[in-house]
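Data file: model_15.cif. Format and content: mmCIF, C-alpha atoms.
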data_structure
#
loop_
_atom_site.label_atom_id
_atom_site.label_comp_id
_atom_site.auth_asym_id
_atom_site.auth_seq_id
_atom_site.Cartn_x
_atom_site.Cartn_y
_atom_site.Cartn_z
CA MET A 157 -1.25 -3.52 -24.85
CA LYS A 158 -4.50 -1.72 -24.06
CA ASP A 159 -4.90 1.96 -24.77
CA ILE A 160 -3.93 2.98 -21.23
CA LYS A 161 -1.28 5.59 -20.63
CA LEU A 162 0.69 6.74 -17.63
CA LEU A 163 -0.44 10.01 -16.11
CA SER A 164 1.11 12.84 -14.15
CA ARG A 165 -0.15 13.12 -10.58
CA GLN A 166 -2.36 16.09 -11.59
CA GLU A 167 -3.82 14.21 -14.58
CA TYR A 168 -4.43 11.21 -12.35
CA GLU A 169 -6.28 13.33 -9.76
CA ARG A 170 -8.50 14.77 -12.51
CA TRP A 171 -9.13 11.30 -13.95
CA LEU A 172 -10.14 9.87 -10.55
CA LYS A 173 -12.74 12.63 -10.19
CA THR A 174 -14.41 11.54 -13.46
CA LEU A 175 -15.05 7.99 -12.22
CA PRO A 176 -18.30 6.93 -10.55
CA ARG A 177 -17.99 7.20 -6.78
CA GLU A 178 -18.53 3.47 -6.23
CA SER A 179 -15.92 2.35 -8.77
CA CYS A 180 -12.59 0.83 -7.74
CA THR A 181 -9.96 0.88 -10.46
CA LEU A 182 -8.01 -1.79 -8.61
CA CYS A 183 -10.97 -4.18 -8.34
CA GLU A 184 -11.56 -3.59 -12.04
CA TRP A 185 -7.87 -4.04 -12.82
CA GLY A 186 -8.55 -5.75 -16.16
CA LYS A 187 -10.30 -2.61 -17.39
CA TYR A 188 -8.18 0.17 -15.89
CA GLN A 189 -4.66 -1.16 -15.23
CA ILE A 190 -1.54 -2.14 -17.14
CA VAL A 191 -1.03 -5.72 -16.00
CA LEU A 192 2.53 -7.00 -15.74
CA LYS A 193 1.78 -10.39 -14.14
CA GLU A 194 -1.41 -12.07 -12.96
CA MET A 195 -1.44 -14.78 -10.33
CA HIS A 196 -4.26 -16.51 -8.48
CA PHE A 197 -4.65 -13.96 -5.64
CA TRP A 198 -2.51 -11.04 -6.83
CA VAL A 199 -1.84 -8.84 -9.83
CA TRP A 200 1.38 -6.93 -10.49
CA ILE A 201 0.58 -3.67 -12.29
CA ALA A 202 2.33 -0.55 -13.52
CA CYS A 203 1.43 2.46 -11.39
CA LEU A 204 -0.72 4.74 -13.58
CA ALA A 205 0.63 7.88 -11.91
CA PRO A 206 4.21 6.85 -11.09
CA TYR A 207 6.39 8.60 -8.51
CA ARG A 208 9.52 7.34 -10.32
CA LYS A 209 10.47 5.33 -13.39
CA PHE A 210 9.43 1.68 -13.15
CA HIS A 211 6.96 2.37 -10.32
CA THR A 212 4.81 -0.74 -9.97
CA MET A 213 2.29 -2.09 -7.47
CA PHE A 214 1.07 -5.43 -6.16
CA ILE A 215 -2.71 -5.55 -5.70
CA PRO A 216 -4.84 -8.32 -4.23
CA LYS A 217 -7.65 -9.41 -6.53
CA ARG A 218 -10.21 -9.21 -3.75
CA HIS A 219 -11.07 -5.81 -2.35
CA ILE A 220 -9.47 -5.40 1.05
CA GLU A 221 -8.42 -2.19 2.74
CA SER A 222 -5.79 -3.34 5.22
CA ILE A 223 -2.81 -5.65 5.07
CA GLY A 224 -4.15 -7.27 8.24
CA GLU A 225 -7.03 -8.73 6.20
CA LEU A 226 -4.74 -10.91 4.08
CA ILE A 227 -5.11 -14.66 4.48
CA ILE A 228 -2.10 -16.97 4.63
CA TRP A 229 -2.44 -18.04 0.97
CA GLU A 230 -2.37 -14.41 -0.12
CA TRP A 231 0.77 -13.79 1.96
CA LEU A 232 2.49 -16.80 0.43
CA GLU A 233 1.61 -15.78 -3.10
CA LEU A 234 2.66 -12.18 -2.42
CA VAL A 235 6.14 -13.47 -1.57
CA ARG A 236 6.22 -15.41 -4.86
CA LEU A 237 5.07 -12.36 -6.81
CA TYR A 238 7.64 -10.16 -5.09
CA GLN A 239 10.38 -12.65 -5.98
CA TYR A 240 9.18 -12.71 -9.58
CA ALA A 241 9.13 -8.89 -9.80
CA LEU A 242 12.55 -8.63 -8.20
CA TRP A 243 13.90 -11.14 -10.71
CA ARG A 244 12.44 -9.09 -13.61
CA PHE A 245 13.87 -5.82 -12.28
CA ARG A 246 17.27 -7.47 -11.87
CA GLU A 247 17.10 -8.87 -15.40
CA LEU A 248 16.65 -5.33 -16.71
CA ASP A 249 19.46 -4.10 -14.45
CA ILE A 250 17.17 -1.31 -13.22
CA THR A 251 18.74 -0.88 -9.79
CA ASP A 252 20.24 -2.75 -6.88
CA ARG A 253 17.89 -1.18 -4.29
CA TYR A 254 14.11 -1.31 -3.97
CA LEU A 255 11.34 0.31 -1.96
CA ILE A 256 8.30 -1.68 -0.91
CA PHE A 257 5.58 0.09 1.02
CA TRP A 258 1.88 0.52 1.54
CA ARG A 259 -0.18 3.21 3.15
CA LYS A 260 -3.01 2.87 5.60
CA ARG A 261 -5.28 5.87 5.49
CA ASP A 262 -7.88 6.69 8.11
CA SER A 263 -9.50 9.08 5.65
CA TYR A 264 -9.76 8.38 1.96
CA ILE A 265 -10.28 12.00 0.96
CA ASP A 266 -7.15 13.90 -0.07
CA SER A 267 -7.04 16.95 2.22
CA LYS A 268 -5.22 18.99 -0.43
CA THR A 269 -7.22 18.18 -3.58
CA GLY A 270 -10.48 16.78 -2.20
CA THR A 271 -10.06 13.72 -4.40
CA ARG A 272 -11.37 10.40 -3.15
CA LYS A 273 -8.40 8.03 -2.79
CA LEU A 274 -8.48 4.31 -3.45
CA THR A 275 -9.43 2.19 -0.47
CA HIS A 276 -8.18 -1.02 -2.12
CA LEU A 277 -4.90 -2.23 -0.61
CA HIS A 278 -1.95 -1.69 -2.95
CA ILE A 279 1.70 -2.34 -2.24
CA HIS A 280 4.20 -0.12 -4.04
CA PHE A 281 7.32 -1.73 -5.53
CA ILE A 282 9.73 0.93 -6.80
CA PRO A 283 13.41 1.20 -7.67
CA ASP A 284 15.17 3.05 -4.85
CA ARG A 285 18.04 5.50 -4.96
CA GLU A 286 20.30 6.90 -2.27
CA HIS A 287 18.87 9.90 -0.41
CA CYS A 288 15.44 9.66 -2.05
CA PHE A 289 13.79 10.53 1.28
CA ASP A 290 15.90 13.63 1.85
CA PRO A 291 13.20 16.03 0.58
CA ILE A 292 10.69 14.74 3.12
CA LEU A 293 12.92 14.34 6.16
CA ASP A 294 11.44 15.83 9.31
CA SER A 295 14.03 17.54 11.51
CA ASN A 296 11.81 16.88 14.56
CA ALA A 297 11.90 13.12 13.95
CA ILE A 298 14.96 12.76 16.19
CA ARG A 299 13.17 14.14 19.25
CA ILE A 300 13.10 11.34 21.83
CA ASP A 301 9.71 12.46 23.21
CA ASN A 302 8.11 11.12 20.00
CA ILE A 303 9.30 7.63 20.86
CA GLU A 304 8.53 8.08 24.55
CA LYS A 305 4.87 8.79 23.67
CA LEU A 306 4.78 5.61 21.60
CA ILE A 307 6.40 3.58 24.38
CA GLN A 308 3.87 4.93 26.89
CA LYS A 309 0.95 4.00 24.61
CA ILE A 310 2.36 0.51 24.01
CA SER A 311 2.88 0.00 27.76
CA SER A 312 -0.72 0.90 28.56
CA HIS A 313 -2.01 -1.48 25.88
CA ASP A 314 0.33 -4.23 27.10
CA GLN A 315 -1.14 -3.83 30.58
CA GLU A 316 -4.68 -4.13 29.12
CA GLU A 317 -3.55 -7.23 27.26
CA LYS A 318 -2.29 -8.87 30.45
CA GLU A 319 -5.50 -8.03 32.29
CA GLY A 320 -7.87 -9.12 29.52
CA SER A 321 -5.88 -11.90 27.85
CA TRP A 322 -7.81 -13.22 24.83
CA HIS A 323 -10.68 -10.79 25.35
CA TYR A 324 -8.28 -7.98 24.51
CA TYR A 325 -7.30 -9.58 21.19
CA LEU A 326 -10.86 -10.40 20.22
CA ARG A 327 -11.97 -6.83 20.94
CA PHE A 328 -8.89 -5.34 19.30
CA PHE A 329 -9.32 -7.25 16.05
CA GLY A 330 -13.08 -6.77 16.03
CA ARG A 331 -13.87 -10.43 15.43
CA VAL A 332 -16.14 -10.71 18.44
CA LYS A 333 -17.99 -7.93 20.23
CA ILE A 334 -17.52 -8.33 23.97
#
For the file at hand, write its structure as structure tokens.
Amino acid sequence: MKDIKLLSRQEYERWLKTLPRESCTLCEWGKYQIVLKEMHFWVWIACLAPYRKFHTMFIPKRHIESIGELIIWEWLELVRLYQYALWRFRELDITDRYLIFWRKRDSYIDSKTGTRKLTHLHIHFIPDREHCFDPILDSNAIRIDNIEKLIQKISSHDQEEKEGSWHYYLRFFGRVKI
């Protein structure tokens, strides 16, 4: 294995600041990452600054920033890679629960540390445990007005969709400027 070690979150933040601004440690996965499995479109890596034991990530080989940019072949291979990773976790009897998530950031600058965050899509695959979200639960989350605002926004967009049909989708996805 390469001379790459896992870092605390603070060490990781400091390390990111030492890299050239234009570098992407996920595009250059062969240089910067601990590779667990390589496929045609995807790489399964160990998270360099893990939140929990056995924290891993799936990264597409091409640089994309949003899950909506994936092509069908990438989706299909992601499912295969997930199944492979799940099989390996089960073989090690790590857990019987798993978390899979990704983030979409509108700003790639950490508001707390000022560190530039990775823009490259990465999907976290982590062993889960009961009540792991308890520390971050928001007591206001149960307020119905939060959902009512979302419903109102969806309704207004649905009305636009009916009025504009395909023009709405083309404009929404940015494929064609109308």
Report as a list in words all protein, DNA and RNA residues lying within 10 Å of Glu233 of chain A, evaluated on all atoms listed in the file, omitting residues in the same chain fewer than 4 positions from it.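 Answer for this query is Met195, His196, Phe197, Trp198, Pro216, Ile228, Trp229, Leu237, Tyr238 and Gln239 of chain A.
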Nearest residue to Ile220 of chain A out of A:Lys260, A:Lys161, A:Arg177, A:Lys305, using all atoms listed in the file? A:Lys260
Please, what distance in Å, to one decimal, runs between atom CA of Gln166 of chain A and atom CA of Tyr264 of chain A? 17.3 Å
Selected by the PyMOL selection byres ((chain A and resi 199) around 7) in the shown coordinates: which residues, as a PyMOL selection string? chain A and resi 191+193-195+198+200-201+214-217
Of the candidates A:His211, A:His276, A:Trp243, A:Leu163, which one gets nearest to Glu184 of chain A if we count all atoms listed in the file?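 For Glu184 of chain A, the nearest of the candidates is A:His276.
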I'd like the interatomic distance between atom CA of Ile303 of chain A and atom CA of Pro291 of chain A, to a tenth of an Å.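 Result for atom CA of Ile303 of chain A versus atom CA of Pro291 of chain A: 22.3 Å, one decimal.
Run against this file, the PyMOL selection byres ((chain A and resi 258) around 10) gives back Met213, Phe214, Ser222, Ile223, Ile256, Phe257, Arg259, Lys260, Arg261, Leu277, His278, Ile279, His280 and Phe281 of chain A.
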Any chance you can output those residues with C-alpha atoms as a JSON list (two decimals), keeping the file's coordinate frame?
[["chain", "number", "residue", "atom", "x", "y", "z"],
["A", 213, "MET", "CA", 2.29, -2.09, -7.47],
["A", 214, "PHE", "CA", 1.07, -5.43, -6.16],
["A", 222, "SER", "CA", -5.79, -3.34, 5.22],
["A", 223, "ILE", "CA", -2.81, -5.65, 5.07],
["A", 256, "ILE", "CA", 8.30, -1.68, -0.91],
["A", 257, "PHE", "CA", 5.58, 0.09, 1.02],
["A", 259, "ARG", "CA", -0.18, 3.21, 3.15],
["A", 260, "LYS", "CA", -3.01, 2.87, 5.60],
["A", 261, "ARG", "CA", -5.28, 5.87, 5.49],
["A", 277, "LEU", "CA", -4.90, -2.23, -0.61],
["A", 278, "HIS", "CA", -1.95, -1.69, -2.95],
["A", 279, "ILE", "CA", 1.70, -2.34, -2.24],
["A", 280, "HIS", "CA", 4.20, -0.12, -4.04],
["A", 281, "PHE", "CA", 7.32, -1.73, -5.53]]
In Å, rounded to a single decimal, give me how far atom CA of Ile282 of chain A is from atom CA of Phe210 of chain A.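 That distance, rounded to one decimal, is 6.4 Å.
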Evaluate the PyMOL selection byres ((chain A and resi 272) around 10) here and jot the selected residues down as a VMD selection string. chain A and resid 169 172 to 173 177 263 to 267 269 to 271 273 to 275
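Minimum atom-to-atom distance to Leu162 of chain A, evaluated using all atoms listed in the file, belongs to A:Arg208 out of A:Arg208, A:Arg236, A:His219, A:Arg299.
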Please report, as JSON, the centre and edge lengths in Å to one decimal of an axis-aligned box covering all listed atoms of segment 215-220 of chain A with 6 Å per side.
{"center_x": -6.9, "center_y": -7.4, "center_z": -2.7, "size_x": 20.4, "size_y": 16.0, "size_z": 19.6}
Here is a test: counting all atoms listed in the file, which residue of A:Ile190, A:Cys183, A:Ile300, A:Cys203 is nearest to Ser164 of chain A?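 Ranked by minimum distance to Ser164 of chain A, first place goes to A:Cys203.
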Once N, CA and C atoms are restored for segment 181-211 of chain A, what would the output be as an mmCIF file, keeping the file's coordinate frame?
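Produced file selection_23.cif, reproduced below:
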data_model
loop_
_atom_site.group_PDB
_atom_site.id
_atom_site.type_symbol
_atom_site.label_atom_id
_atom_site.label_comp_id
_atom_site.auth_asym_id
_atom_site.auth_seq_id
_atom_site.Cartn_x
_atom_site.Cartn_y
_atom_site.Cartn_z
ATOM 1 N N THR A 181 -10.799 1.201 -9.302
ATOM 2 C CA THR A 181 -9.960 0.880 -10.460
ATOM 3 C C THR A 181 -9.026 -0.288 -10.192
ATOM 4 N N LEU A 182 -8.850 -0.646 -8.929
ATOM 5 C CA LEU A 182 -8.010 -1.790 -8.610
ATOM 6 C C LEU A 182 -8.828 -3.084 -8.588
ATOM 7 N N CYS A 183 -10.096 -3.006 -8.218
ATOM 8 C CA CYS A 183 -10.970 -4.180 -8.340
ATOM 9 C C CYS A 183 -11.202 -4.487 -9.817
ATOM 10 N N GLU A 184 -11.339 -3.445 -10.600
ATOM 11 C CA GLU A 184 -11.560 -3.590 -12.040
ATOM 12 C C GLU A 184 -10.231 -3.462 -12.785
ATOM 13 N N TRP A 185 -9.226 -4.164 -12.297
ATOM 14 C CA TRP A 185 -7.870 -4.040 -12.820
ATOM 15 C C TRP A 185 -7.779 -4.408 -14.294
ATOM 16 N N GLY A 186 -8.587 -5.353 -14.745
ATOM 17 C CA GLY A 186 -8.550 -5.750 -16.160
ATOM 18 C C GLY A 186 -8.970 -4.632 -17.091
ATOM 19 N N LYS A 187 -9.787 -3.723 -16.585
ATOM 20 C CA LYS A 187 -10.300 -2.610 -17.390
ATOM 21 C C LYS A 187 -9.399 -1.382 -17.311
ATOM 22 N N TYR A 188 -8.855 -1.103 -16.121
ATOM 23 C CA TYR A 188 -8.180 0.170 -15.890
ATOM 24 C C TYR A 188 -6.645 0.100 -15.793
ATOM 25 N N GLN A 189 -6.086 -1.078 -15.578
ATOM 26 C CA GLN A 189 -4.660 -1.160 -15.230
ATOM 27 C C GLN A 189 -3.806 -1.787 -16.333
ATOM 28 N N ILE A 190 -2.529 -1.487 -16.284
ATOM 29 C CA ILE A 190 -1.540 -2.140 -17.140
ATOM 30 C C ILE A 190 -0.981 -3.314 -16.341
ATOM 31 N N VAL A 191 -1.373 -4.513 -16.739
ATOM 32 C CA VAL A 191 -1.030 -5.720 -16.000
ATOM 33 C C VAL A 191 0.339 -6.240 -16.448
ATOM 34 N N LEU A 192 1.207 -6.448 -15.477
ATOM 35 C CA LEU A 192 2.530 -7.000 -15.740
ATOM 36 C C LEU A 192 2.562 -8.506 -15.501
ATOM 37 N N LYS A 193 1.826 -8.957 -14.469
ATOM 38 C CA LYS A 193 1.780 -10.390 -14.140
ATOM 39 C C LYS A 193 0.522 -10.641 -13.320
ATOM 40 N N GLU A 194 -0.220 -11.671 -13.717
ATOM 41 C CA GLU A 194 -1.410 -12.070 -12.960
ATOM 42 C C GLU A 194 -1.155 -13.412 -12.317
ATOM 43 N N MET A 195 -1.527 -13.508 -11.049
ATOM 44 C CA MET A 195 -1.440 -14.780 -10.330
ATOM 45 C C MET A 195 -2.837 -15.105 -9.812
ATOM 46 N N HIS A 196 -2.941 -16.104 -8.962
ATOM 47 C CA HIS A 196 -4.260 -16.510 -8.480
ATOM 48 C C HIS A 196 -4.903 -15.445 -7.566
ATOM 49 N N PHE A 197 -4.129 -14.926 -6.601
ATOM 50 C CA PHE A 197 -4.650 -13.960 -5.640
ATOM 51 C C PHE A 197 -4.209 -12.525 -5.907
ATOM 52 N N TRP A 198 -3.151 -12.346 -6.666
ATOM 53 C CA TRP A 198 -2.510 -11.040 -6.830
ATOM 54 C C TRP A 198 -2.318 -10.674 -8.295
ATOM 55 N N VAL A 199 -2.192 -9.368 -8.516
ATOM 56 C CA VAL A 199 -1.840 -8.840 -9.830
ATOM 57 C C VAL A 199 -0.709 -7.839 -9.631
ATOM 58 N N TRP A 200 0.285 -7.906 -10.480
ATOM 59 C CA TRP A 200 1.380 -6.930 -10.490
ATOM 60 C C TRP A 200 1.069 -5.965 -11.624
ATOM 61 N N ILE A 201 0.971 -4.678 -11.301
ATOM 62 C CA ILE A 201 0.580 -3.670 -12.290
ATOM 63 C C ILE A 201 1.589 -2.530 -12.333
ATOM 64 N N ALA A 202 1.573 -1.803 -13.440
ATOM 65 C CA ALA A 202 2.330 -0.550 -13.520
ATOM 66 C C ALA A 202 1.501 0.506 -12.811
ATOM 67 N N CYS A 203 2.144 1.361 -12.053
ATOM 68 C CA CYS A 203 1.430 2.460 -11.390
ATOM 69 C C CYS A 203 1.040 3.470 -12.468
ATOM 70 N N LEU A 204 -0.239 3.821 -12.538
ATOM 71 C CA LEU A 204 -0.720 4.740 -13.580
ATOM 72 C C LEU A 204 -0.217 6.166 -13.400
ATOM 73 N N ALA A 205 0.092 6.536 -12.184
ATOM 74 C CA ALA A 205 0.630 7.880 -11.910
ATOM 75 C C ALA A 205 1.921 7.689 -11.115
ATOM 76 N N PRO A 206 2.981 7.267 -11.789
ATOM 77 C CA PRO A 206 4.210 6.850 -11.090
ATOM 78 C C PRO A 206 4.942 7.992 -10.395
ATOM 79 N N TYR A 207 5.519 7.664 -9.241
ATOM 80 C CA TYR A 207 6.390 8.600 -8.510
ATOM 81 C C TYR A 207 7.774 8.640 -9.147
ATOM 82 N N ARG A 208 8.187 7.491 -9.712
ATOM 83 C CA ARG A 208 9.520 7.340 -10.320
ATOM 84 C C ARG A 208 9.392 6.388 -11.503
ATOM 85 N N LYS A 209 10.439 6.300 -12.298
ATOM 86 C CA LYS A 209 10.470 5.330 -13.390
ATOM 87 C C LYS A 209 10.345 3.924 -12.819
ATOM 88 N N PHE A 210 9.638 3.080 -13.518
ATOM 89 C CA PHE A 210 9.430 1.680 -13.150
ATOM 90 C C PHE A 210 8.651 1.502 -11.839
ATOM 91 N N HIS A 211 7.809 2.464 -11.506
ATOM 92 C CA HIS A 211 6.960 2.370 -10.320
ATOM 93 C C HIS A 211 5.855 1.356 -10.607
#
